[in-house]
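Data file: work_15.pdb. Format and content: PDB, C-alpha atoms.
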ATOM      1  CA  MET A1489      30.443 -69.316 -31.701  1.00  0.00           C
ATOM      2  CA  SER A1490      30.846 -72.518 -33.655  1.00  0.00           C
ATOM      3  CA  GLU A1491      33.887 -73.524 -35.646  1.00  0.00           C
ATOM      4  CA  ARG A1492      34.464 -71.561 -38.815  1.00  0.00           C
ATOM      5  CA  THR A1493      34.134 -73.800 -41.841  1.00  0.00           C
ATOM      6  CA  TRP A1494      33.066 -71.335 -44.547  1.00  0.00           C
ATOM      7  CA  GLN A1495      35.880 -70.117 -46.770  1.00  0.00           C
ATOM      8  CA  GLY A1496      35.761 -66.485 -47.824  1.00  0.00           C
ATOM      9  CA  PRO A1497      37.086 -64.950 -51.016  1.00  0.00           C
ATOM     10  CA  SER A1498      40.837 -64.648 -51.539  1.00  0.00           C
ATOM     11  CA  ALA A1499      42.587 -61.265 -51.594  1.00  0.00           C
ATOM     12  CA  PRO A1500      42.427 -61.055 -55.433  1.00  0.00           C
ATOM     13  CA  GLN A1501      38.723 -61.957 -55.305  1.00  0.00           C
ATOM     14  CA  ARG A1502      38.069 -59.246 -52.675  1.00  0.00           C
ATOM     15  CA  GLN A1503      39.984 -56.772 -54.812  1.00  0.00           C
ATOM     16  CA  ARG A1504      37.791 -57.685 -57.814  1.00  0.00           C
ATOM     17  CA  ILE A1505      34.642 -57.216 -55.712  1.00  0.00           C
ATOM     18  CA  LEU A1506      35.824 -53.757 -54.657  1.00  0.00           C
ATOM     19  CA  ARG A1507      36.793 -52.821 -58.216  1.00  0.00           C
ATOM     20  CA  GLU A1508      33.389 -53.861 -59.595  1.00  0.00           C
ATOM     21  CA  THR A1509      31.417 -52.100 -56.846  1.00  0.00           C
ATOM     22  CA  LYS A1510      29.954 -48.684 -57.661  1.00  0.00           C
ATOM     23  CA  THR A1511      27.336 -48.220 -54.915  1.00  0.00           C
ATOM     24  CA  VAL A1512      27.591 -49.171 -51.225  1.00  0.00           C
ATOM     25  CA  ALA A1513      24.825 -49.211 -48.626  1.00  0.00           C
ATOM     26  CA  ILE A1514      26.092 -49.013 -45.053  1.00  0.00           C
ATOM     27  CA  VAL A1515      23.541 -50.802 -42.865  1.00  0.00           C
ATOM     28  CA  GLY A1516      23.833 -49.699 -39.263  1.00  0.00           C
ATOM     29  CA  ALA A1517      25.249 -46.292 -40.147  1.00  0.00           C
ATOM     30  CA  SER A1518      25.835 -44.134 -37.085  1.00  0.00           C
ATOM     31  CA  LYS A1519      26.251 -40.425 -36.470  1.00  0.00           C
ATOM     32  CA  ASN A1520      28.462 -41.232 -33.466  1.00  0.00           C
ATOM     33  CA  PRO A1521      32.092 -40.479 -34.457  1.00  0.00           C
ATOM     34  CA  SER A1522      33.373 -43.232 -32.163  1.00  0.00           C
ATOM     35  CA  ARG A1523      31.475 -45.958 -34.064  1.00  0.00           C
ATOM     36  CA  ALA A1524      33.226 -47.930 -36.801  1.00  0.00           C
ATOM     37  CA  SER A1525      30.364 -47.360 -39.265  1.00  0.00           C
ATOM     38  CA  TYR A1526      30.828 -43.588 -38.928  1.00  0.00           C
ATOM     39  CA  PHE A1527      34.541 -43.859 -39.689  1.00  0.00           C
ATOM     40  CA  VAL A1528      34.011 -46.216 -42.628  1.00  0.00           C
ATOM     41  CA  ASN A1529      31.392 -43.861 -44.082  1.00  0.00           C
ATOM     42  CA  ARG A1530      33.716 -40.849 -43.721  1.00  0.00           C
ATOM     43  CA  TYR A1531      36.645 -42.719 -45.236  1.00  0.00           C
ATOM     44  CA  LEU A1532      34.712 -44.105 -48.218  1.00  0.00           C
ATOM     45  CA  SER A1533      32.952 -40.801 -48.856  1.00  0.00           C
ATOM     46  CA  SER A1534      36.245 -38.914 -48.975  1.00  0.00           C
ATOM     47  CA  THR A1535      38.613 -41.386 -50.645  1.00  0.00           C
ATOM     48  CA  SER A1536      36.581 -43.636 -52.949  1.00  0.00           C
ATOM     49  CA  ASN A1537      34.421 -43.165 -56.012  1.00  0.00           C
ATOM     50  CA  TYR A1538      31.630 -45.218 -54.449  1.00  0.00           C
ATOM     51  CA  GLU A1539      28.175 -43.739 -54.197  1.00  0.00           C
ATOM     52  CA  ILE A1540      27.366 -44.229 -50.515  1.00  0.00           C
ATOM     53  CA  PHE A1541      23.897 -44.783 -49.044  1.00  0.00           C
ATOM     54  CA  LEU A1542      23.326 -44.849 -45.298  1.00  0.00           C
ATOM     55  CA  VAL A1543      20.740 -47.134 -43.690  1.00  0.00           C
ATOM     56  CA  ASN A1544      19.439 -46.863 -40.127  1.00  0.00           C
ATOM     57  CA  PRO A1545      15.756 -46.667 -39.140  1.00  0.00           C
ATOM     58  CA  THR A1546      16.520 -44.475 -36.106  1.00  0.00           C
ATOM     59  CA  VAL A1547      18.494 -41.682 -37.816  1.00  0.00           C
ATOM     60  CA  ALA A1548      17.206 -39.132 -40.368  1.00  0.00           C
ATOM     61  CA  ASP A1549      20.550 -37.794 -41.562  1.00  0.00           C
ATOM     62  CA  ILE A1550      24.252 -37.905 -40.810  1.00  0.00           C
ATOM     63  CA  GLU A1551      26.055 -34.615 -41.376  1.00  0.00           C
ATOM     64  CA  GLY A1552      23.494 -33.610 -43.992  1.00  0.00           C
ATOM     65  CA  THR A1553      23.468 -36.954 -45.800  1.00  0.00           C
ATOM     66  CA  PRO A1554      20.047 -38.625 -45.806  1.00  0.00           C
ATOM     67  CA  VAL A1555      19.733 -41.908 -43.952  1.00  0.00           C
ATOM     68  CA  TYR A1556      17.175 -44.429 -45.195  1.00  0.00           C
ATOM     69  CA  PRO A1557      15.202 -46.705 -42.862  1.00  0.00           C
ATOM     70  CA  THR A1558      15.686 -49.865 -44.958  1.00  0.00           C
ATOM     71  CA  LEU A1559      17.506 -51.074 -48.054  1.00  0.00           C
ATOM     72  CA  ALA A1560      14.155 -51.101 -49.885  1.00  0.00           C
ATOM     73  CA  ASP A1561      13.900 -47.327 -49.327  1.00  0.00           C
ATOM     74  CA  LEU A1562      17.142 -46.527 -51.174  1.00  0.00           C
ATOM     75  CA  PRO A1563      16.805 -44.486 -54.383  1.00  0.00           C
ATOM     76  CA  LYS A1564      18.822 -47.084 -56.321  1.00  0.00           C
ATOM     77  CA  ARG A1565      20.073 -50.633 -55.937  1.00  0.00           C
ATOM     78  CA  PRO A1566      23.352 -50.933 -54.029  1.00  0.00           C
ATOM     79  CA  ASP A1567      26.036 -53.190 -55.452  1.00  0.00           C
ATOM     80  CA  MET A1568      27.306 -53.897 -51.950  1.00  0.00           C
ATOM     81  CA  VAL A1569      25.656 -53.980 -48.543  1.00  0.00           C
ATOM     82  CA  ASP A1570      28.226 -53.290 -45.805  1.00  0.00           C
ATOM     83  CA  VAL A1571      26.769 -54.521 -42.516  1.00  0.00           C
ATOM     84  CA  PHE A1572      27.297 -53.114 -39.010  1.00  0.00           C
ATOM     85  CA  ARG A1573      24.597 -54.999 -37.109  1.00  0.00           C
ATOM     86  CA  LYS A1574      24.537 -57.578 -34.355  1.00  0.00           C
ATOM     87  CA  TYR A1575      24.740 -61.287 -35.115  1.00  0.00           C
ATOM     88  CA  ASP A1576      21.034 -61.981 -34.545  1.00  0.00           C
ATOM     89  CA  ASP A1577      20.072 -59.314 -37.110  1.00  0.00           C
ATOM     90  CA  LEU A1578      22.181 -60.749 -39.923  1.00  0.00           C
ATOM     91  CA  PRO A1579      19.597 -63.155 -41.414  1.00  0.00           C
ATOM     92  CA  ASP A1580      17.104 -60.282 -41.762  1.00  0.00           C
ATOM     93  CA  VAL A1581      19.749 -58.047 -43.338  1.00  0.00           C
ATOM     94  CA  LEU A1582      20.520 -60.856 -45.780  1.00  0.00           C
ATOM     95  CA  SER A1583      16.826 -61.124 -46.691  1.00  0.00           C
ATOM     96  CA  GLU A1584      16.743 -57.385 -47.420  1.00  0.00           C
ATOM     97  CA  THR A1585      20.005 -57.647 -49.380  1.00  0.00           C
ATOM     98  CA  ILE A1586      18.584 -60.410 -51.565  1.00  0.00           C
ATOM     99  CA  ALA A1587      15.312 -58.508 -52.032  1.00  0.00           C
ATOM    100  CA  VAL A1588      17.077 -55.405 -53.402  1.00  0.00           C
ATOM    101  CA  GLN A1589      19.267 -57.588 -55.647  1.00  0.00           C
ATOM    102  CA  ALA A1590      22.615 -56.386 -54.341  1.00  0.00           C
ATOM    103  CA  LYS A1591      25.661 -58.278 -55.590  1.00  0.00           C
ATOM    104  CA  THR A1592      27.656 -58.468 -52.355  1.00  0.00           C
ATOM    105  CA  ILE A1593      26.998 -58.692 -48.643  1.00  0.00           C
ATOM    106  CA  TRP A1594      29.994 -57.595 -46.583  1.00  0.00           C
ATOM    107  CA  LEU A1595      29.975 -58.320 -42.847  1.00  0.00           C
ATOM    108  CA  GLN A1596      32.333 -56.050 -40.926  1.00  0.00           C
ATOM    109  CA  LEU A1597      35.074 -57.060 -38.508  1.00  0.00           C
ATOM    110  CA  GLY A1598      33.793 -59.327 -35.773  1.00  0.00           C
ATOM    111  CA  LEU A1599      30.762 -60.499 -37.752  1.00  0.00           C
ATOM    112  CA  TRP A1600      30.690 -64.138 -38.810  1.00  0.00           C
ATOM    113  CA  HIS A1601      27.539 -66.098 -39.590  1.00  0.00           C
ATOM    114  CA  GLU A1602      28.005 -69.418 -41.376  1.00  0.00           C
ATOM    115  CA  GLN A1603      24.332 -69.851 -42.312  1.00  0.00           C
ATOM    116  CA  VAL A1604      24.097 -66.311 -43.699  1.00  0.00           C
ATOM    117  CA  ALA A1605      27.192 -66.974 -45.810  1.00  0.00           C
ATOM    118  CA  HIS A1606      25.787 -70.207 -47.228  1.00  0.00           C
ATOM    119  CA  ASP A1607      22.349 -68.679 -47.856  1.00  0.00           C
ATOM    120  CA  ALA A1608      23.881 -65.619 -49.508  1.00  0.00           C
ATOM    121  CA  GLU A1609      26.035 -67.724 -51.811  1.00  0.00           C
ATOM    122  CA  ALA A1610      23.020 -69.893 -52.675  1.00  0.00           C
ATOM    123  CA  ALA A1611      21.258 -66.669 -53.697  1.00  0.00           C
ATOM    124  CA  GLY A1612      24.193 -65.766 -55.963  1.00  0.00           C
ATOM    125  CA  LEU A1613      25.790 -63.093 -53.781  1.00  0.00           C
ATOM    126  CA  ASN A1614      29.450 -62.457 -53.131  1.00  0.00           C
ATOM    127  CA  VAL A1615      30.102 -62.819 -49.411  1.00  0.00           C
ATOM    128  CA  VAL A1616      32.832 -61.280 -47.268  1.00  0.00           C
ATOM    129  CA  MET A1617      32.813 -61.743 -43.498  1.00  0.00           C
ATOM    130  CA  ASP A1618      34.874 -60.482 -40.576  1.00  0.00           C
ATOM    131  CA  ARG A1619      36.750 -57.909 -42.675  1.00  0.00           C
ATOM    132  CA  CYS A1620      36.638 -54.132 -42.606  1.00  0.00           C
ATOM    133  CA  LEU A1621      35.656 -52.557 -45.914  1.00  0.00           C
ATOM    134  CA  LYS A1622      37.749 -49.472 -45.129  1.00  0.00           C
ATOM    135  CA  ILE A1623      40.860 -51.518 -44.370  1.00  0.00           C
ATOM    136  CA  GLU A1624      40.417 -53.678 -47.464  1.00  0.00           C
ATOM    137  CA  HIS A1625      39.798 -50.642 -49.688  1.00  0.00           C
ATOM    138  CA  ALA A1626      42.867 -48.891 -48.270  1.00  0.00           C
ATOM    139  CA  ARG A1627      44.927 -52.046 -48.616  1.00  0.00           C
ATOM    140  CA  PHE A1628      44.207 -52.345 -52.327  1.00  0.00           C
ATOM    141  CA  HIS A1629      44.408 -48.621 -53.041  1.00  0.00           C
ATOM    142  CA  GLY A1630      47.621 -47.797 -51.168  1.00  0.00           C
ATOM    143  CA  GLY A1631      45.864 -45.866 -48.434  1.00  0.00           C
ATOM    144  CA  LEU A1632      46.651 -47.769 -45.280  1.00  0.00           C
ATOM    145  CA  HIS A1633      48.858 -44.877 -44.193  1.00  0.00           C
ATOM    146  CA  LEU A1634      45.662 -42.832 -43.697  1.00  0.00           C
ATOM    147  CA  ALA A1635      44.922 -44.964 -40.657  1.00  0.00           C
ATOM    148  CA  GLY A1636      48.459 -44.789 -39.335  1.00  0.00           C
ATOM    149  CA  PHE A1637      49.681 -47.938 -41.054  1.00  0.00           C
ATOM    150  CA  ASP A1638      52.140 -48.495 -43.867  1.00  0.00           C
ATOM    151  CA  THR A1639      53.897 -45.155 -43.486  1.00  0.00           C
ATOM    152  CA  GLY A1640      56.764 -46.340 -45.640  1.00  0.00           C
ATOM    153  CA  VAL A1641      59.145 -45.798 -42.731  1.00  0.00           C
ATOM    154  CA  ILE A1642      60.659 -48.878 -41.201  1.00  0.00           C
ATOM    155  CA  ASP A1643      62.905 -47.923 -38.371  1.00  0.00           C
ATOM    156  CA  SER A1644      63.492 -49.380 -34.943  1.00  0.00           C
ATOM    157  CA  ARG A1645      65.883 -46.629 -33.853  1.00  0.00           C
ATOM    158  CA  ARG A1646      64.809 -43.954 -31.474  1.00  0.00           C
ATOM    159  CA  THR A1647      65.063 -40.448 -32.789  1.00  0.00           C
ATOM    160  CA  ARG A1648      67.493 -38.218 -30.973  1.00  0.00           C
ATOM    161  CA  GLY A1649      66.160 -34.939 -29.823  1.00  0.00           C
TER     162      GLY A1649
END

Render the structure in this file as structure tokens.
Amino acid sequence: MSERTWQGPSAPQRQRILRETKTVAIVGASKNPSRASYFVNRYLSSTSNYEIFLVNPTVADIEGTPVYPTLADLPKRPDMVDVFRKYDDLPDVLSETIAVQAKTIWLQLGLWHEQVAHDAEAAGLNVVMDRCLKIEHARFHGGLHLAGFDTGVIDSRRTRG
């Protein structure tokens, strides 16, 4: 991977993006509970007001929720496209994101593609890379404790039993 030169949005800018988002398409949605996309879908579906759409051409439904083969097949335009795909697929996902006129492309943890970021910004999209949507949502909505973080208890002492 080449040196990272692109600068992503600041924490307040990410918070604004999340606040303005109403619909999220999860590209690369999985029915496998051990996959990050499954967990993010479950978290967002149960704790946010986002309308969630799942995208994966190899899956018909996940726990009764329909899964669409492409972004173009969604019943409405997503505000955000949350991407769980491999690096080489990212330019094609960006093309689909631009075609459906989404406002934001969000590349999950571990995904960084400088050219996609520059092309997305040139097309007028918000871009977030190498960040987990679930973690960022929880961070700004006081829910990090749901993942075992920020319990409010700071203690280095062992409990006596």

Q | Ref. answer, residues at most 12 Å from (37.7, -69.3, -36.9) with all atoms listed in the file, as a ChimeraX atom specification | A | /A:1489-1496,1598-1602,1617-1618

Q: Take the PyMOL selection byres ((chain A and resi 1535-1548) around 9), apply it to the structure above, and return the hits as a VMD selection string.
A: chain A and resid 1509 to 1519 1529 to 1534 1549 to 1550 1553 to 1559 1561 to 1563 1566 1625 to 1626 1631

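Straight-line separation from CA of Leu1582 in chain A to CA of Val1528 in chain A: 20.2 Å.
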
Q. Which polymer residues have any atom within 12 Å of an atom of Ala1587 in chain A, counting only C-alpha atoms, with same-chain residues fewer than 3 positions away left out, as a list in words?
A.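 Those residues are Thr1558, Leu1559, Ala1560, Asp1561, Arg1565, Pro1566, Val1569, Asp1580, Val1581, Leu1582, Ser1583, Glu1584, Ala1590, Lys1591, Ala1608, Ala1611 and Leu1613 of chain A.
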
Write a file of the just-selected residues containing C-alpha atoms, as an mmCIF file, keeping the file's coordinate frame.
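Result saved to selection.cif:
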data_model
loop_
_atom_site.group_PDB
_atom_site.id
_atom_site.type_symbol
_atom_site.label_atom_id
_atom_site.label_comp_id
_atom_site.auth_asym_id
_atom_site.auth_seq_id
_atom_site.Cartn_x
_atom_site.Cartn_y
_atom_site.Cartn_z
ATOM 1 C CA THR A 1558 15.686 -49.865 -44.958
ATOM 2 C CA LEU A 1559 17.506 -51.074 -48.054
ATOM 3 C CA ALA A 1560 14.155 -51.101 -49.885
ATOM 4 C CA ASP A 1561 13.900 -47.327 -49.327
ATOM 5 C CA ARG A 1565 20.073 -50.633 -55.937
ATOM 6 C CA PRO A 1566 23.352 -50.933 -54.029
ATOM 7 C CA VAL A 1569 25.656 -53.980 -48.543
ATOM 8 C CA ASP A 1580 17.104 -60.282 -41.762
ATOM 9 C CA VAL A 1581 19.749 -58.047 -43.338
ATOM 10 C CA LEU A 1582 20.520 -60.856 -45.780
ATOM 11 C CA SER A 1583 16.826 -61.124 -46.691
ATOM 12 C CA GLU A 1584 16.743 -57.385 -47.420
ATOM 13 C CA ALA A 1590 22.615 -56.386 -54.341
ATOM 14 C CA LYS A 1591 25.661 -58.278 -55.590
ATOM 15 C CA ALA A 1608 23.881 -65.619 -49.508
ATOM 16 C CA ALA A 1611 21.258 -66.669 -53.697
ATOM 17 C CA LEU A 1613 25.790 -63.093 -53.781
#

Q) Which neighbours of Ala1610 in chain A fall inside 12 Å, counting only C-alpha atoms, when residues of the same chain fewer than 5 positions from it are skipped, and could you give them as a PyMOL selection string? A) chain A and resi 1582+1586+1603-1605+1615

Q.
I need every residue sitting at most 6 Å from the point (31.6, -54.7, -47.2) (coordinates as in the file, only C-alpha atoms considered), written as a ChimeraX atom specification.
A. /A:1570,1594-1595,1621

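The shortest atom-to-atom distance to Ala1524 in chain A, with all atoms listed in the file taken into account, belongs to A:Val1571 out of A:Ile1593, A:Leu1578, A:Val1571, A:Val1616.
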
Q) So what do you get for CA of Ile1623 in chain A versus CA of Tyr1526 in chain A, distance-wise? A)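 Result for CA of Ile1623 in chain A versus CA of Tyr1526 in chain A: 13.9 Å, one decimal.
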
Q) What is the CA of Asn1614 in chain A-CA of Ala1499 in chain A distance in Å, reported with one decimal? A)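 CA of Ala1499 in chain A lies at a distance of 13.3 Å from CA of Asn1614 in chain A.
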
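Closest approach to Pro1579 in chain A among A:Gly1552, A:Asp1607, A:Asp1567, A:Glu1508 is made by A:Asp1607 (distances from only C-alpha atoms).
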
Q: Would you please work out which residue, of A:Ser1522, A:Cys1620, A:Arg1507, A:Gly1612, is nearest to Thr1585 in chain A when using only C-alpha atoms?
A: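 Ranked by minimum distance to Thr1585 in chain A, first place goes to A:Gly1612.
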
Q) Taking all atoms listed in the file into account, which of A:Asn1520, A:Gln1503, A:Gln1596, A:Ser1498 comes nearest Arg1573 in chain A? A) A:Gln1596
